[in-house]
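Asks: Okay, here's the structure, questions in a sec.
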Amino acid sequence: MPAGKEPEFTKLAERALTRREALMSTAAFVIGTATFLPSQAFAAGRHDFTAVAANTLDTVTVPKGFSWHVVASWGDPLWSDGEAFDHESRGTGASQERAFGDNNDGMELFRSGDRNILAVNNEFVNLGVLYGNRSLSRPVGADDILKGKAAHGISVIEIAERDGKWGVVLDSPFNRRITADTPMEITGPARGHALLKTAADPAGTRVLGTFNNCGSGRTPWGTYLTCEENFNGYFSASDPNEQLNPVFKRYGVKHADRGFRWAATDERFDISKHPNEPNRHGYIVEIDPLDPSSSPKKRTALGRFKHENAEVVLADDGRVVVYMGDDERGEFLYKYVSDDRYSAGGETEKLLVSGTLYTAQFDDHGKGKWVELSPAATGMADRAEICIHTRLAASAVKATTMDRPEWVAANPLSPEVYCCLTNNKHRGRRKNKGGDAMPVGGPNPREANNYGQIVRWRPENGDHGALNFTWDLFVVAGNPVVHTDARAGSANMTPHNMFNAPDGLAFDSTGMLWIQTDGKYTDEGDFAGHGHNQMLVGDPVTGEIKRFMVGPKQCEVTGIAWSFDRRTLFVGIQHPGGKGDGHFPGGGNTVPRSSVIAITKDDGGTFS
Ligand code: FEO
Ligand code: CA
Ligand code: CA
């Protein structure tokens, strides 16, 4: 199509850079979307609630007419023989192995008959909170390290609603902890590859543990996808002269870990002794939440990077498409397309085992394409190497360096996909860790981007299997009170809904977009008026965004799921009081605890 005839909505990013032009951008967006999605116009105006004002309270704030309660908190026992959370010791290795993990993140709700099973990621631990009983807030001794490993992974919990309040069903046969020590299978192209072989696993087919599980996903066949993100932070080198190879540098594996000290009790985390162990992490893991005896499966076909979440859709021909972000400055967006097609009730084992990886190239004019990571294009030997050194493969084909891709979400009512680009203070100033340039432009339009934006793309002919797409920016976050330049954000960023660092992202059944933030919560300077991290609802048709919830002190809001009757919204409150002086949810002088909360409407009605 000649440039002059491109739809207005594709001419976006540059236009969002002044208040006046941003207004034009949003107007263009509405026209473009209405043209593209005529059937969705009815969705505008749903979610009739009064927007919540930004605040800095140490509690959860929801709109008038809604209420919230805690479903599960870090350290809550999942079995009746477990110990209640001890605010003095903050638990032991043994108690933590029988309890809900820490720092809950992505989650998905599953159903078995009339029972509700919630699979929840426990991404990491805050040393100052988990070990706040120690003088240096660091693990002291083997049991502290075990406590830390057991606080990671996944908690699969049956939950039930009693007297209007959801809680954990103790001793449910579905309850399960998957931790940094749980045995699991390695599947896909990298299975058995030389780079995955270790002393403990000379075949390169079995691995212990999954950790730093960030966002989530679910498959049409009812399994849970958990995404390994900052796996690098758990490895260390006992040899101070250890030479770090370029791949370790690209993935952030260093001589020192991030204070977890796992190598002190488990030498596979010592890269001087077991240099291949890091190659066995950084994948997406598939779990059957309804079969507690099942072995989790690392799906190497989906690539190895700092996985954020996994948004699964179907191409028009039935192939499985998984959209994925790699959350680091200047890293890339990916999609996986299965070789085989999905059919309900059919064989599913191969669908995340055999397929092709693509990475995204965006141009500056609203168009983009998915570039296949093939051996020919990347110069790599085979699919296995591409699946292990995925970042290097994507650099080789000159993928677009992005402002930290976080969650990806596909609109259930329309073939369009959104991704939070949370921020990138190095945009326009430095290169990424692989030496790729990070120029200002395209979907990353601001230098030293402190606020973030949400990009969206529409696959050609509405088919997720297509290799071409058009794109625009749904919102450019900012502060229109403090700034009048590009930092003010797009026109749909107002003094009443402003936020920074969009991260969690999910569509509800009505086609509304829920946005969760993991940003600066100082409420000062560039962030004055933003308050704490929060959750907002965006209308893809009008571009309107309303704040629905504000979180407690120092938390990140991440993880979202709906009850099957749509009367309850489950939301994750991660690391409240993460800097040490918050007390959510217990108040008083209690230890702050990451929690899943339930939000309901006071009139018992459905929403979303
Ligand atoms: Fe775990 Fe990129 O957030
Ligand atoms: Ca995140
Ligand atoms: Ca984040």
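Chain lettering (A, B, ...) mirrors the order of the structure tokens, residue numbering begins at 1 for each chain separately, and ligand numbering begins at 1 in order of display.
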Write out as a list in words each polymer residue (protein, DNA or RNA) that has an atom no more than 6 Å from ligand 2, with only C-alpha atoms and all ligand atoms counted.

Replies: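 The neighbouring residues of ligand 2 are, in order, Glu406, Asp503 and Gly504 of chain A.
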
Asks: Please identify all polymer residues within 9 Å of segment 440-443 of chain A, counting only C-alpha atoms, omitting same-chain residues fewer than 4 positions from it, and present them as a list of chain:residue names.

Replies: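 The filter keeps A:Leu12, A:Ala13, A:Glu14, A:Phe362, A:Asp363, A:Asp364, A:His365, A:Gly366, A:Met402, A:Asp403, A:Leu421, A:Arg427, A:Gly428, A:Arg429, A:Glu447, A:Gln453, A:Ile454, A:Val455, A:Trp471, A:Asp472, A:Leu473.
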
Asks: Can you list, as a PyMOL selection string, all residues belonging to segment 449-587 of chain A that DSSP tags as strand (DSSP E or B)?

Replies: chain A and resi 449+453-459+468-476+502-507+513-517+534-538+545-550+556-562+568-574

Asks: Using only C-alpha atoms and all ligand atoms, which residues have at least one atom no more than 9 Å from ligand 3? Output them as a list in words.

Replies: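 Using only C-alpha atoms and all ligand atoms, everything at most 9 Å from ligand 3 comes to Glu308, Asp327, Arg404, Glu406, Thr422, Asn423, Ala501, Pro502, Asp503, Gly504, Thr517, Asp518, Gly519, Glu556 and Thr558 of chain A.
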
Asks: Check the DSSP output for the backbone and give back, as a PyMOL selection string, the residues of segment 262-469 of chain A in helix (DSSP H, G or I).

Replies: chain A and resi 262-264+267-269+277-280+300-302+375-378+383-388+390-396+460-462

Asks: Let me see if you get this right: every residue at most 12 Å from ligand 1, counting only C-alpha atoms and all ligand atoms, written as a PDB file with C-alpha atoms, in the first residue's frame.

Replies:
ATOM      1  CA  ASN A 103       5.738 -13.055  45.626  1.00  0.00           C
ATOM      2  CA  ASN A 104       2.777 -14.409  43.703  1.00  0.00           C
ATOM      3  CA  ASP A 105       2.689 -13.334  40.062  1.00  0.00           C
ATOM      4  CA  GLY A 106       0.880 -14.775  37.015  1.00  0.00           C
ATOM      5  CA  ASN A 121       3.459 -18.403  40.151  1.00  0.00           C
ATOM      6  CA  ASN A 122       5.695 -17.529  43.089  1.00  0.00           C
ATOM      7  CA  GLU A 123       8.236 -15.459  41.261  1.00  0.00           C
ATOM      8  CA  PHE A 124      10.949 -14.611  43.757  1.00  0.00           C
ATOM      9  CA  VAL A 125      11.594 -13.509  47.315  1.00  0.00           C
ATOM     10  CA  PHE A 211      12.196 -20.611  39.527  1.00  0.00           C
ATOM     11  CA  ASN A 212      11.608 -16.937  38.907  1.00  0.00           C
ATOM     12  CA  ASN A 213       8.259 -17.842  37.390  1.00  0.00           C
ATOM     13  CA  CYS A 214       6.856 -14.555  36.216  1.00  0.00           C
ATOM     14  CA  GLY A 215       3.753 -14.321  34.030  1.00  0.00           C
ATOM     15  CA  SER A 216       1.457 -17.152  33.063  1.00  0.00           C
ATOM     16  CA  THR A 226       4.617 -20.777  33.734  1.00  0.00           C
ATOM     17  CA  CYS A 227       7.384 -18.552  32.436  1.00  0.00           C
ATOM     18  CA  GLU A 228      10.948 -18.539  33.780  1.00  0.00           C
ATOM     19  CA  GLU A 229      12.202 -14.969  33.803  1.00  0.00           C
ATOM     20  CA  ASN A 230      15.288 -13.803  35.746  1.00  0.00           C
ATOM     21  CA  PHE A 231      16.783 -17.285  36.143  1.00  0.00           C
ATOM     22  CA  PHE A 305      15.102 -15.908  27.344  1.00  0.00           C
ATOM     23  CA  LYS A 306      13.710 -13.937  30.262  1.00  0.00           C
ATOM     24  CA  HIS A 307      10.177 -15.073  29.620  1.00  0.00           C
ATOM     25  CA  GLU A 308       7.425 -12.777  30.824  1.00  0.00           C
ATOM     26  CA  ASN A 309       4.181 -14.560  29.963  1.00  0.00           C
ATOM     27  CA  MET A 324       5.955 -14.059  24.246  1.00  0.00           C
ATOM     28  CA  GLY A 325       7.988 -11.114  25.514  1.00  0.00           C
ATOM     29  CA  ASP A 326      11.578 -11.083  26.734  1.00  0.00           C
ATOM     30  CA  ASP A 327      11.722  -8.620  29.601  1.00  0.00           C
ATOM     31  CA  GLU A 328      15.027  -6.867  29.453  1.00  0.00           C
ATOM     32  CA  ARG A 329      16.026  -3.527  27.990  1.00  0.00           C
ATOM     33  CA  GLU A 331      15.263  -7.459  24.050  1.00  0.00           C
ATOM     34  CA  ASP A 403      11.441  -1.191  25.749  1.00  0.00           C
ATOM     35  CA  ARG A 404      11.248  -4.330  27.921  1.00  0.00           C
ATOM     36  CA  PRO A 405       8.342  -6.452  26.669  1.00  0.00           C
ATOM     37  CA  GLU A 406       6.212  -7.591  29.602  1.00  0.00           C
ATOM     38  CA  TRP A 407       2.815  -9.306  29.315  1.00  0.00           C
ATOM     39  CA  VAL A 408       1.203  -9.964  25.968  1.00  0.00           C
ATOM     40  CA  CYS A 419       2.063  -5.891  24.819  1.00  0.00           C
ATOM     41  CA  CYS A 420       3.239  -3.761  27.724  1.00  0.00           C
ATOM     42  CA  LEU A 421       6.619  -2.148  27.061  1.00  0.00           C
ATOM     43  CA  THR A 422       7.241  -1.241  30.641  1.00  0.00           C
ATOM     44  CA  ASN A 423      10.111   1.285  30.392  1.00  0.00           C
ATOM     45  CA  ALA A 501       5.409   0.984  33.961  1.00  0.00           C
ATOM     46  CA  PRO A 502       2.523  -1.077  32.562  1.00  0.00           C
ATOM     47  CA  ASP A 503       3.362  -4.746  33.124  1.00  0.00           C
ATOM     48  CA  GLY A 504       0.518  -7.245  33.729  1.00  0.00           C
ATOM     49  CA  LEU A 505      -2.070  -7.315  30.960  1.00  0.00           C
ATOM     50  CA  GLN A 516      -1.400  -3.726  35.984  1.00  0.00           C
ATOM     51  CA  THR A 517       1.619  -1.666  36.915  1.00  0.00           C
ATOM     52  CA  ASP A 518       5.065  -2.358  38.339  1.00  0.00           C
ATOM     53  CA  GLY A 519       6.522   1.089  38.472  1.00  0.00           C
ATOM     54  CA  GLU A 556       3.542  -4.462  42.391  1.00  0.00           C
ATOM     55  CA  VAL A 557       0.124  -5.425  41.077  1.00  0.00           C
ATOM     56  CA  THR A 558       0.555  -8.552  38.978  1.00  0.00           C
ATOM     57  CA  GLY A 559      -1.466 -11.628  38.137  1.00  0.00           C
ATOM     58  CA  GLN A 574       3.253  -8.818  45.008  1.00  0.00           C
ATOM     59  CA  HIS A 575       5.916  -7.738  47.494  1.00  0.00           C
TER      60      HIS A 575
END

Asks: Excluding same-chain residues fewer than 3 positions from Ala393 of chain A, what lies within 12 Å of it counting only C-alpha atoms, as number ranges by chain?

Replies: A: 247, 250, 303-305, 331-332, 334, 357-359, 371-390, 396-399, 434

Asks: Which is closest to Arg206 of chain A among A:His281, A:Asp565, A:Asp523, A:Asn175, if we use only C-alpha atoms?

Replies: A:His281

Asks: Given the choices A:Asp288, A:Glu524, A:Asp201, A:Glu83, which gets closest to Trp221 of chain A if the distance is worked out from only C-alpha atoms?

Replies: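 So, comparing all the options, the nearest one is A:Asp288.
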